[in-house]
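Peer 1: One file: structure.cif (mmCIF, C-alpha atoms).
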data_my_file
loop_
_atom_site.label_atom_id
_atom_site.label_comp_id
_atom_site.auth_asym_id
_atom_site.auth_seq_id
_atom_site.Cartn_x
_atom_site.Cartn_y
_atom_site.Cartn_z
CA MET A 1 11.71 -1.84 7.99
CA ARG A 2 15.09 -0.21 8.53
CA PRO A 3 14.94 3.11 10.44
CA ALA A 4 16.26 5.02 7.41
CA TYR A 5 13.42 3.72 5.25
CA GLN A 6 10.88 4.39 7.97
CA SER A 7 12.01 8.01 8.16
CA ARG A 8 11.76 8.29 4.38
CA ASN A 9 8.28 6.77 4.38
CA PHE A 10 7.20 9.05 7.22
CA ILE A 11 8.23 12.07 5.13
CA CYS A 12 6.57 10.73 1.97
CA PHE A 13 3.25 10.09 3.71
CA THR A 14 3.38 13.55 5.28
CA VAL A 15 4.15 15.30 1.99
CA ASP A 16 1.39 13.38 0.23
CA ALA A 17 -1.08 14.49 2.89
CA ALA A 18 0.06 18.12 2.65
CA VAL A 19 -0.37 18.21 -1.13
CA PHE A 20 -3.64 16.27 -1.00
CA PHE A 21 -5.30 18.49 1.59
CA PHE A 22 -4.12 21.62 -0.19
CA ALA A 23 -5.58 20.38 -3.46
CA ILE A 24 -8.85 19.12 -2.04
CA SER A 25 -9.48 22.42 -0.22
CA PHE A 26 -10.23 23.95 -3.64
CA VAL A 27 -13.11 21.50 -4.15
CA ASP A 28 -13.96 20.94 -0.48
CA GLN A 29 -17.01 18.70 -0.27
CA THR A 30 -18.43 20.28 2.88
CA THR A 31 -18.19 23.91 1.70
CA VAL A 32 -17.14 24.55 -1.90
CA MET A 33 -19.11 21.78 -3.63
CA PRO A 34 -22.40 22.50 -1.79
CA SER A 35 -21.91 26.17 -2.69
CA LEU A 36 -21.40 25.18 -6.34
CA LEU A 37 -24.53 23.02 -6.25
CA GLY A 38 -26.41 26.00 -4.82
CA HIS A 39 -25.87 27.66 -8.22
CA LEU A 40 -27.25 24.62 -10.02
CA THR A 41 -30.34 23.79 -7.95
CA GLN A 42 -32.44 25.34 -5.20
CA ARG A 43 -33.70 21.97 -3.92
CA PRO A 44 -32.03 20.99 -0.61
CA VAL A 45 -32.54 17.28 -1.24
CA LEU A 46 -30.39 17.48 -4.39
CA ILE A 47 -27.68 19.31 -2.50
CA GLY A 48 -27.85 16.65 0.21
CA LEU A 49 -27.65 13.92 -2.43
CA LEU A 50 -24.02 14.93 -3.01
CA GLY A 51 -23.24 13.66 0.48
CA SER A 52 -24.92 10.34 -0.34
CA VAL A 53 -22.85 9.97 -3.48
CA GLN A 54 -19.72 10.80 -1.52
CA THR A 55 -20.41 8.44 1.38
CA GLY A 56 -21.87 5.54 -0.58
CA SER A 57 -19.19 5.57 -3.25
CA TRP A 58 -16.38 5.55 -0.69
CA LEU A 59 -17.75 3.06 1.83
CA LEU A 60 -19.95 0.48 0.14
CA PRO A 61 -17.48 -0.99 -2.41
CA GLN A 62 -14.88 -1.68 0.28
CA PHE A 63 -16.74 -4.79 1.41
CA LEU A 64 -16.03 -6.45 -1.95
CA ALA A 65 -12.63 -4.84 -2.49
CA ALA A 66 -11.22 -5.90 0.89
CA ARG A 67 -10.88 -9.59 0.00
CA VAL A 68 -9.01 -8.72 -3.20
CA VAL A 69 -6.70 -6.19 -1.52
CA ALA A 70 -5.93 -8.67 1.27
CA SER A 71 -4.74 -11.19 -1.32
CA ARG A 72 -2.17 -8.80 -2.85
CA HIS A 73 1.41 -9.40 -1.79
CA ARG A 74 2.35 -5.75 -2.39
CA LYS A 75 -0.04 -2.94 -1.50
CA GLN A 76 1.77 0.02 -3.05
CA PRO A 77 0.74 -0.73 -6.68
CA VAL A 78 -2.91 -0.91 -5.60
CA VAL A 79 -2.57 2.46 -3.88
CA LEU A 80 -0.95 4.08 -6.92
CA VAL A 81 -3.37 2.82 -9.57
CA ALA A 82 -6.55 3.45 -7.60
CA THR A 83 -5.35 6.87 -6.43
CA ALA A 84 -4.47 7.98 -9.96
CA ILE A 85 -7.90 7.04 -11.32
CA SER A 86 -9.58 8.67 -8.34
CA ARG A 87 -7.83 12.01 -8.69
CA LEU A 88 -8.31 12.27 -12.44
CA SER A 89 -12.08 12.16 -11.88
CA TRP A 90 -12.13 15.91 -11.21
CA ALA A 91 -11.54 16.46 -14.91
CA VAL A 92 -15.25 15.70 -15.38
CA VAL A 93 -16.22 18.78 -13.34
CA ILE A 94 -13.76 20.95 -15.27
CA VAL A 95 -15.16 19.86 -18.64
CA ALA A 96 -18.75 20.38 -17.47
CA LEU A 97 -17.98 23.91 -16.26
CA VAL A 98 -16.14 24.73 -19.49
CA PHE A 99 -19.28 23.86 -21.47
CA TYR A 100 -21.75 25.08 -18.85
CA GLN A 101 -23.53 27.47 -21.22
CA GLN A 102 -24.09 24.64 -23.71
CA ILE A 103 -25.15 21.83 -21.35
CA GLY A 104 -26.97 23.83 -18.65
CA PRO A 105 -27.24 23.39 -14.86
CA THR A 106 -28.90 19.96 -14.82
CA ALA A 107 -26.15 18.24 -16.81
CA THR A 108 -23.51 20.09 -14.79
CA LEU A 109 -25.15 18.87 -11.58
CA LEU A 110 -25.03 15.31 -12.90
CA ALA A 111 -21.36 15.76 -13.82
CA CYS A 112 -20.62 16.82 -10.23
CA TYR A 113 -22.26 13.65 -8.94
CA VAL A 114 -20.27 11.52 -11.40
CA ALA A 115 -16.96 13.18 -10.55
CA VAL A 116 -17.44 12.96 -6.78
CA GLY A 117 -18.70 9.37 -7.04
CA SER A 118 -15.74 8.23 -9.12
CA PHE A 119 -13.28 10.12 -6.93
CA MET A 120 -14.62 8.58 -3.74
CA PHE A 121 -15.06 5.05 -5.19
CA PHE A 122 -11.44 4.63 -6.22
CA ASP A 123 -10.21 6.52 -3.17
CA GLY A 124 -12.07 3.98 -1.04
CA VAL A 125 -10.38 1.09 -2.85
CA SER A 126 -7.03 2.82 -2.42
CA SER A 127 -7.59 3.43 1.29
CA LEU A 128 -7.77 -0.29 2.09
CA ALA A 129 -4.28 -0.85 0.72
CA TRP A 130 -3.11 2.54 2.06
CA TYR A 131 -3.90 1.62 5.68
CA ASP A 132 -2.12 -1.71 5.25
CA LEU A 133 0.84 0.07 3.64
CA ILE A 134 1.11 2.34 6.68
CA ALA A 135 0.93 -0.64 9.02
CA ARG A 136 3.76 -2.32 7.09
CA THR A 137 6.03 0.69 6.77
CA ILE A 138 5.48 2.60 10.03
CA SER A 139 6.02 1.03 13.45
CA PRO A 140 3.05 1.10 15.90
CA THR A 141 4.88 3.46 18.28
CA VAL A 142 4.93 6.29 15.74
CA ARG A 143 1.70 5.75 13.77
CA GLY A 144 -0.21 8.25 15.87
CA ARG A 145 2.61 10.73 15.33
CA LEU A 146 2.38 10.13 11.60
CA PHE A 147 -1.38 10.66 11.54
CA GLY A 148 -0.93 13.83 13.57
CA SER A 149 1.86 15.04 11.29
CA MET A 150 -0.29 14.38 8.23
CA SER A 151 -3.21 16.29 9.71
CA LEU A 152 -1.01 19.18 10.82
CA SER A 153 0.89 19.60 7.56
CA GLY A 154 -2.22 19.00 5.49
CA GLY A 155 -4.13 21.49 7.59
CA VAL A 156 -1.54 24.23 7.18
CA PHE A 157 -1.62 23.90 3.39
CA ALA A 158 -5.41 23.53 3.33
CA VAL A 159 -5.76 26.79 5.26
CA ALA A 160 -3.74 28.44 2.48
CA GLY A 161 -6.09 26.81 -0.01
CA GLY A 162 -9.11 28.11 1.90
CA LEU A 163 -7.74 31.65 1.79
CA ALA A 164 -7.27 31.27 -1.96
CA VAL A 165 -10.87 30.04 -2.30
CA GLN A 166 -11.99 33.15 -0.45
CA ARG A 167 -10.30 35.28 -3.11
CA VAL A 168 -11.76 33.32 -6.04
CA VAL A 169 -15.39 32.51 -5.17
CA GLY A 170 -17.65 35.48 -5.85
CA ASN A 171 -14.85 37.52 -7.41
CA VAL A 172 -16.38 39.96 -9.92
CA ALA A 173 -13.48 39.28 -12.27
CA LEU A 174 -14.41 35.58 -12.28
CA PRO A 175 -18.18 35.36 -12.81
CA PHE A 176 -19.82 31.97 -12.34
CA PRO A 177 -18.85 29.36 -13.49
CA SER A 178 -15.33 30.71 -14.11
CA ASP A 179 -14.55 30.83 -10.38
CA TYR A 180 -15.44 27.21 -9.70
CA ARG A 181 -13.80 26.05 -12.93
CA LEU A 182 -10.53 27.63 -11.80
CA LEU A 183 -10.81 25.96 -8.39
CA ALA A 184 -11.35 22.51 -9.94
CA ALA A 185 -8.40 22.98 -12.32
CA VAL A 186 -6.03 23.94 -9.50
CA ALA A 187 -7.23 20.98 -7.44
CA LEU A 188 -6.63 18.53 -10.29
CA ALA A 189 -3.13 19.86 -10.95
CA PHE A 190 -1.97 19.43 -7.37
CA LEU A 191 -3.68 16.06 -6.96
CA VAL A 192 -1.63 14.73 -9.88
CA VAL A 193 1.58 16.17 -8.39
CA GLY A 194 0.69 14.43 -5.13
CA LEU A 195 1.24 11.02 -6.73
CA VAL A 196 5.02 11.55 -6.62
CA PRO A 197 5.54 10.99 -2.85
CA LEU A 198 3.44 7.83 -3.05
CA LEU A 199 5.83 6.52 -5.70
CA LEU A 200 8.81 7.12 -3.40
CA ILE A 201 7.51 5.02 -0.48
CA VAL A 202 9.58 1.89 0.22
CA GLU A 203 7.38 -1.13 0.93
CA PRO A 204 9.06 -4.03 2.77
CA PRO A 205 8.29 -7.62 1.80
CA GLY A 206 5.41 -9.11 3.75
CA GLU A 207 3.97 -12.55 4.20
CA VAL A 208 2.59 -14.11 1.05
CA PRO A 209 -1.20 -14.01 1.38
CA PRO A 210 -3.55 -16.71 0.11
CA PRO A 211 -5.57 -16.11 -3.07
CA PRO A 212 -8.96 -14.42 -2.73
CA GLU A 213 -11.62 -16.64 -1.21
CA ARG A 214 -14.90 -17.36 -2.90
CA LEU A 215 -17.30 -14.50 -2.33
CA THR A 216 -20.10 -16.69 -0.97
CA SER A 217 -17.88 -18.27 1.67
CA TYR A 218 -16.33 -14.92 2.48
CA VAL A 219 -19.74 -13.39 3.17
CA ARG A 220 -20.96 -16.41 5.14
CA ARG A 221 -17.99 -16.37 7.53
CA LEU A 222 -17.82 -12.64 8.24
CA PRO A 223 -20.34 -12.70 11.12
CA GLY A 224 -18.14 -15.18 12.97
CA LEU A 225 -15.14 -12.92 12.49
CA VAL A 226 -16.75 -10.04 14.40
CA ARG A 227 -18.98 -11.96 16.82
CA GLY A 228 -16.30 -12.04 19.50
CA ARG A 229 -15.25 -8.42 18.96
CA PRO A 230 -17.59 -6.18 20.96
CA ASP A 231 -15.26 -3.18 20.71
CA PHE A 232 -15.21 -3.50 16.93
CA ARG A 233 -19.00 -3.40 16.92
CA ARG A 234 -19.03 -0.40 19.26
CA LEU A 235 -16.46 1.36 17.07
CA VAL A 236 -18.68 0.88 14.03
CA GLY A 237 -21.65 2.18 16.02
CA VAL A 238 -19.80 5.33 17.05
CA GLN A 239 -18.64 5.89 13.49
CA LEU A 240 -22.21 5.52 12.25
CA LEU A 241 -23.71 7.91 14.79
CA VAL A 242 -21.01 10.56 14.47
CA GLY A 243 -21.19 10.22 10.69
CA ALA A 244 -24.98 10.59 10.85
CA SER A 245 -24.50 13.90 12.66
CA GLY A 246 -23.01 15.10 9.38
CA LEU A 247 -26.47 15.05 7.77
CA ALA A 248 -26.70 18.80 8.34
CA VAL A 249 -23.20 19.75 7.19
CA PRO A 250 -24.09 20.17 3.47
CA PHE A 251 -26.57 22.85 4.51
CA TYR A 252 -24.32 25.02 6.69
CA ALA A 253 -23.03 27.05 3.73
CA PRO A 254 -26.41 27.37 1.90
CA PHE A 255 -28.01 28.31 5.24
CA ALA A 256 -25.43 31.06 5.74
CA ILE A 257 -25.81 32.48 2.23
CA LEU A 258 -29.52 31.96 1.51
CA LYS A 259 -31.04 32.41 4.97
CA LEU A 260 -28.59 34.57 6.89
CA GLY A 261 -27.56 36.73 3.92
CA LEU A 262 -23.81 36.28 4.32
CA PRO A 263 -21.63 37.02 1.26
CA GLU A 264 -20.58 34.05 -0.85
CA SER A 265 -16.93 34.91 -0.23
CA ASP A 266 -17.41 33.64 3.35
CA VAL A 267 -17.22 30.12 1.90
CA GLY A 268 -13.44 30.52 1.89
CA GLY A 269 -13.56 31.26 5.62
CA PHE A 270 -15.61 28.11 6.16
CA VAL A 271 -12.93 26.10 4.35
CA VAL A 272 -10.37 27.57 6.74
CA GLY A 273 -12.56 26.67 9.72
CA VAL A 274 -13.08 23.04 8.75
CA THR A 275 -9.41 22.75 7.85
CA LEU A 276 -8.19 24.16 11.16
CA GLY A 277 -10.53 21.73 12.90
CA ALA A 278 -9.15 18.81 10.94
CA MET A 279 -5.61 19.98 11.66
CA PHE A 280 -6.20 20.37 15.38
CA GLY A 281 -8.28 17.20 15.69
CA GLY A 282 -5.92 15.01 13.69
CA THR A 283 -2.93 16.20 15.73
CA ALA A 284 -4.74 15.73 19.04
CA TRP A 285 -6.17 12.29 18.17
CA GLY A 286 -2.75 11.12 16.97
CA TYR A 287 -1.05 12.43 20.13
CA LEU A 288 -3.54 10.60 22.34
CA GLY A 289 -3.18 7.45 20.25
CA ASP A 290 0.57 7.27 20.76
CA ARG A 291 -0.02 7.53 24.49
CA HIS A 292 -2.34 4.51 24.54
CA ARG A 293 -5.47 6.64 24.88
CA LYS A 294 -7.07 5.76 21.57
CA GLU A 295 -10.54 5.36 23.05
CA VAL A 296 -10.30 8.83 24.67
CA ALA A 297 -9.62 10.34 21.24
CA ILE A 298 -12.83 8.79 19.92
CA ARG A 299 -14.83 10.15 22.85
CA LEU A 300 -13.48 13.66 22.33
CA LEU A 301 -14.24 13.66 18.60
CA ALA A 302 -17.81 12.57 19.42
CA ALA A 303 -18.05 15.54 21.80
CA CYS A 304 -16.90 17.85 19.00
CA ALA A 305 -19.60 16.38 16.75
CA LEU A 306 -22.11 17.35 19.44
CA LEU A 307 -20.90 20.97 19.52
CA GLY A 308 -21.02 21.45 15.74
CA PRO A 309 -24.78 21.71 15.11
CA LEU A 310 -25.33 23.75 18.29
CA VAL A 311 -23.87 26.81 16.56
CA PRO A 312 -26.17 27.01 13.51
CA LEU A 313 -29.13 26.10 15.74
CA GLY A 314 -28.68 29.38 17.55
CA LEU A 315 -27.51 31.50 14.64
CA LYS A 316 -30.97 32.13 13.20
CA PHE A 317 -31.97 33.84 16.43
CA ALA A 318 -28.65 35.66 16.67
CA ALA A 319 -29.07 37.04 13.15
CA ALA A 320 -32.64 38.13 13.96
CA ALA A 321 -31.29 39.94 17.01
CA GLY A 322 -29.20 42.10 14.72
CA LEU A 323 -25.73 40.71 15.25
CA PRO A 324 -23.26 41.99 12.61
CA ALA A 325 -22.65 39.70 9.64
CA PRO A 326 -18.93 39.25 10.46
CA VAL A 327 -19.86 37.93 13.93
CA VAL A 328 -22.39 35.51 12.45
CA GLY A 329 -19.87 34.35 9.83
CA THR A 330 -17.20 33.80 12.48
CA ALA A 331 -19.62 31.76 14.60
CA LEU A 332 -20.45 29.54 11.63
CA THR A 333 -16.73 29.14 10.96
CA VAL A 334 -16.47 27.78 14.51
CA ALA A 335 -19.17 25.25 13.65
CA PHE A 336 -17.09 24.12 10.68
CA PHE A 337 -14.11 23.88 13.04
CA PHE A 338 -15.98 21.27 15.08
CA VAL A 339 -16.95 19.48 11.86
CA GLY A 340 -13.26 19.30 11.00
CA CYS A 341 -12.38 17.91 14.44
CA SER A 342 -15.06 15.21 14.39
CA ILE A 343 -15.98 14.18 10.86
CA ARG A 344 -12.96 15.31 8.85
CA ALA A 345 -10.29 14.19 11.37
CA GLY A 346 -12.24 11.25 12.77
CA TRP A 347 -10.37 8.83 10.54
CA VAL A 348 -7.21 9.36 12.62
CA ALA A 349 -8.86 8.08 15.80
CA TYR A 350 -10.79 5.27 14.10
CA ALA A 351 -7.74 4.05 12.16
CA ASN A 352 -5.47 4.17 15.19
CA TYR A 353 -7.97 2.14 17.22
CA ILE A 354 -8.65 -0.56 14.66
CA LEU A 355 -4.98 -0.96 13.69
CA GLU A 356 -4.32 -1.64 17.37
CA ILE A 357 -7.01 -4.28 17.89
CA ALA A 358 -6.62 -6.12 14.55
CA GLY A 359 -3.93 -8.60 13.54
CA GLU A 360 -1.97 -8.16 10.29
CA SER A 361 -3.97 -10.66 8.27
CA GLU A 362 -7.28 -9.19 9.47
CA ARG A 363 -6.61 -5.52 8.81
CA PRO A 364 -7.94 -5.12 5.25
CA VAL A 365 -11.01 -7.23 5.99
CA LEU A 366 -11.95 -5.50 9.25
CA ILE A 367 -11.30 -2.02 7.83
CA GLY A 368 -13.28 -2.84 4.70
CA LEU A 369 -16.10 -4.33 6.77
CA MET A 370 -16.16 -1.32 9.11
CA ASN A 371 -16.33 1.11 6.21
CA THR A 372 -18.92 -0.93 4.34
CA LEU A 373 -21.17 -1.12 7.40
CA SER A 374 -20.78 2.63 7.63
CA GLY A 375 -22.02 2.80 4.05
CA VAL A 376 -25.56 3.10 5.40
CA LEU A 377 -24.59 6.74 5.98
CA ALA A 378 -25.23 7.19 2.25
CA VAL A 379 -28.94 7.60 3.03
CA VAL A 380 -28.28 10.29 5.65
CA PRO A 381 -27.73 13.42 3.48
CA PRO A 382 -31.02 13.05 1.54
CA ILE A 383 -32.79 12.63 4.88
CA GLY A 384 -31.18 15.87 5.96
CA GLY A 385 -32.30 17.42 2.68
CA LEU A 386 -35.88 16.28 3.23
CA LEU A 387 -35.87 17.64 6.78
CA ALA A 388 -34.46 20.94 5.57
CA GLY A 389 -36.97 21.11 2.72
CA TRP A 390 -40.03 20.18 4.80
CA PHE A 391 -39.32 21.75 8.17
CA GLY A 392 -36.42 24.14 7.56
CA TYR A 393 -32.68 23.99 8.16
CA GLN A 394 -33.12 24.07 11.94
CA ALA A 395 -34.80 20.65 11.88
CA ALA A 396 -31.75 19.14 10.15
CA PHE A 397 -29.45 20.75 12.70
CA ALA A 398 -31.53 19.35 15.59
CA ALA A 399 -31.45 15.83 14.11
CA ALA A 400 -27.67 16.08 13.79
CA LEU A 401 -27.44 17.07 17.45
CA LEU A 402 -29.36 13.98 18.56
CA CYS A 403 -27.16 11.64 16.48
CA ALA A 404 -23.99 13.16 17.92
CA ALA A 405 -25.30 12.79 21.49
CA ALA A 406 -26.01 9.09 20.90
CA GLY A 407 -22.52 8.61 19.42
CA LEU A 408 -20.91 10.24 22.45
CA ALA A 409 -22.89 7.98 24.80
CA LEU A 410 -21.81 4.84 22.93
CA SER A 411 -18.16 5.95 22.80
CA LEU A 412 -18.06 5.86 26.60
CA ARG A 413 -18.38 2.06 26.39
CA LEU A 414 -15.21 1.60 24.30
CA ARG A 415 -12.48 -0.20 26.20
CA VAL A 416 -8.77 0.52 26.05
CA ALA A 417 -7.40 -0.60 22.68
CA VAL A 418 -4.95 -3.48 23.14
CA ALA A 419 -2.92 -5.10 20.38
CA PRO A 420 -3.56 -8.85 19.91
CA THR A 421 -1.29 -10.87 22.20
CA THR A 422 -2.12 -14.24 20.70
CA PRO A 423 -1.86 -15.37 17.09
CA THR A 424 -4.91 -14.30 15.17
CA VAL A 425 -6.67 -16.50 12.66
CA SER A 426 -6.82 -14.93 9.25
CA PRO A 427 -10.19 -14.77 7.50
CA ALA A 428 -8.68 -16.83 4.69
CA SER A 429 -7.67 -19.57 7.10
CA VAL A 430 -11.13 -19.64 8.61
CA LEU A 431 -12.66 -20.00 5.18
CA ARG A 432 -10.32 -22.88 4.33
CA HIS A 433 -11.19 -24.55 7.67
CA ASP A 434 -7.48 -24.68 8.57
CA PRO A 435 -6.67 -25.34 12.26
#
Using structure tokens, write down the structure from this file.

Peer 2:
Amino acid sequence: MRPAYQSRNFICFTVDAAVFFFAISFVDQTTVMPSLLGHLTQRPVLIGLLGSVQTGSWLLPQFLAARVVASRHRKQPVVLVATAISRLSWAVVIVALVFYQQIGPTATLLACYVAVGSFMFFDGVSSLAWYDLIARTISPTVRGRLFGSMSLSGGVFAVAGGLAVQRVVGNVALPFPSDYRLLAAVALAFLVVGLVPLLLIVEPPGEVPPPPERLTSYVRRLPGLVRGRPDFRRLVGVQLLVGASGLAVPFYAPFAILKLGLPESDVGGFVVGVTLGAMFGGTAWGYLGDRHRKEVAIRLLAACALLGPLVPLGLKFAAAAGLPAPVVGTALTVAFFFVGCSIRAGWVAYANYILEIAGESERPVLIGLMNTLSGVLAVVPPIGGLLAGWFGYQAAFAAALLCAAAGLALSLRLRVAVAPTTPTVSPASVLRHDP
């Protein structure tokens, strides 16, 4: 990749991230969407189910998609097609909210599940090729800088989006569902515009990969691929535990509005909090990654995951003590900040680490396998919903705290990430029994 093209690609990836994060802040799945679902159902388990749809749809299909993506000579077309289908899925929410009076809350709730599921499914397929596209077009010495730049630029624009959400949600001039319908429409418009920088990326020619292997052989050989990779297994474990700490996140906003009596307009402030956390975390994890401290970044994000649920755990008592609502709202915004640092920006640290320890031919398979193994997180949000429904929101927050503590402990066992120094054997070669 010539330096001129690398600079162009760096800019294109950064612009895409800025537009994407701005757009997605209008339908943020940790704040805005749970708040929308709070209008459609009062059952915590159904609100938590949104997280299952989100996690399962994004992670589980990557196991099957990885072998197909790895066999593609060019990754950019895969990114473009899958991303376009993914982003157009938000039209389902818009249509459902347009006809809300005719179809009612139950059908609208189902439409939200369908839209989020489709969005995350195709985004997951796209991400496999997207990571490989970054590895092909951006040199290892500046990948962390790129991830940090994407988080920083995306965060700045997402903060602007969060402030706009604050003006729209609960506005008397936009009674429900007009406010959420407007948010979804703005999100869809900018997501479509965001396809342009992806089109402008220059992908260099790579090695011609073998055709996809038979699924049965592919599955049978995967255990051997990871058996000698203890750090890969630890990385997956940390991702699982930190991700499990997110079981309480869908209930932060409903807890604030339904239990603490905060105004619904505070949801916009929560978007700003999680966005600032993602911006800070992504920049910090990328900075550490470029300085060969990728494992330190993972440890710090696990520590942030530990701090997140501590705030709402104490807020119930703080509210009972008579603290002013603005103070309580600010404290919960801080909790969302830690969510942004750990869960929202965690991909920067995980991606930097695995791109360092995996060879070129292994990248799509290992990333797909890591994400698919993390697909068990799909059962976590309903568990959080059951805990919240049976024992109250505080029980879900306490369970999240325990998961984060275990993730932090496991992250301390990660070794320094080192790029492969010997030729790696591609999964395809193993399956063909080549020497």

Peer 1: Pick from A:Gly329, A:Pro140, A:Pro254, A:Gly243: nearest to Ala305 in chain A, with all atoms listed in the file counted?

Peer 2: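 Closest to Ala305 in chain A, using all atoms listed in the file: A:Gly243.
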
Peer 1: Figure out the distance between CA of Leu306 in chain A and CA of Gly48 in chain A, please, to one decimal in Å.

Peer 2: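 If I compute the distance from CA of Gly48 in chain A to CA of Leu306 in chain A, I get 20.1 Å.
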
Peer 1: Kindly give the distance, in Å, that separates CA of Tyr180 in chain A and CA of Phe99 in chain A, rounded to a single decimal.

Peer 2: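 These atoms are spaced 12.8 Å apart.
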
Peer 1: Please report the interatomic distance between CA of Val271 in chain A and CA of Pro250 in chain A in Å with one decimal.

Peer 2: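 Taking CA of Val271 in chain A as the start and CA of Pro250 in chain A as the end point, the length is 12.7 Å.
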
Peer 1: Please provide the set of residues having any atom within 10 Å of Arg291 in chain A, restricted to all atoms listed in the file, with same-chain residues fewer than 3 positions apart removed, written as an MDAnalysis selection string.

Peer 2: chainID A and resid 141 144 286:288 294

Peer 1: Selection in question (the file shown): the PyMOL selection byres ((chain A and resi 153-156) around 12). Which residues does it include, as a PyMOL selection string?

Peer 2: chain A and resi 11-25+145-152+157-163+194+271-283+337+340-341+344-345

Peer 1: Give as an NGL selection string every residue, naming chains and numbers as the document does, that has an atom within 10 Å of (-16.0, 33.4, 5.7), counting all atoms listed in the file.

Peer 2: :A and (162-163 or 166 or 253 or 256 or 262-273 or 325-326 or 328-333)

Peer 1: Restricting the output to C-alpha atoms, write the selected residues as a PDB file, in the coordinates of the input.

Peer 2:
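Printed below is out_22.pdb as written:
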ATOM      1  CA  GLY A 162      -9.110  28.110   1.900  1.00  0.00           C
ATOM      2  CA  LEU A 163      -7.740  31.650   1.790  1.00  0.00           C
ATOM      3  CA  GLN A 166     -11.990  33.150  -0.450  1.00  0.00           C
ATOM      4  CA  ALA A 253     -23.030  27.050   3.730  1.00  0.00           C
ATOM      5  CA  ALA A 256     -25.430  31.060   5.740  1.00  0.00           C
ATOM      6  CA  LEU A 262     -23.810  36.280   4.320  1.00  0.00           C
ATOM      7  CA  PRO A 263     -21.630  37.020   1.260  1.00  0.00           C
ATOM      8  CA  GLU A 264     -20.580  34.050  -0.850  1.00  0.00           C
ATOM      9  CA  SER A 265     -16.930  34.910  -0.230  1.00  0.00           C
ATOM     10  CA  ASP A 266     -17.410  33.640   3.350  1.00  0.00           C
ATOM     11  CA  VAL A 267     -17.220  30.120   1.900  1.00  0.00           C
ATOM     12  CA  GLY A 268     -13.440  30.520   1.890  1.00  0.00           C
ATOM     13  CA  GLY A 269     -13.560  31.260   5.620  1.00  0.00           C
ATOM     14  CA  PHE A 270     -15.610  28.110   6.160  1.00  0.00           C
ATOM     15  CA  VAL A 271     -12.930  26.100   4.350  1.00  0.00           C
ATOM     16  CA  VAL A 272     -10.370  27.570   6.740  1.00  0.00           C
ATOM     17  CA  GLY A 273     -12.560  26.670   9.720  1.00  0.00           C
ATOM     18  CA  ALA A 325     -22.650  39.700   9.640  1.00  0.00           C
ATOM     19  CA  PRO A 326     -18.930  39.250  10.460  1.00  0.00           C
ATOM     20  CA  VAL A 328     -22.390  35.510  12.450  1.00  0.00           C
ATOM     21  CA  GLY A 329     -19.870  34.350   9.830  1.00  0.00           C
ATOM     22  CA  THR A 330     -17.200  33.800  12.480  1.00  0.00           C
ATOM     23  CA  ALA A 331     -19.620  31.760  14.600  1.00  0.00           C
ATOM     24  CA  LEU A 332     -20.450  29.540  11.630  1.00  0.00           C
ATOM     25  CA  THR A 333     -16.730  29.140  10.960  1.00  0.00           C
TER      26      THR A 333
END
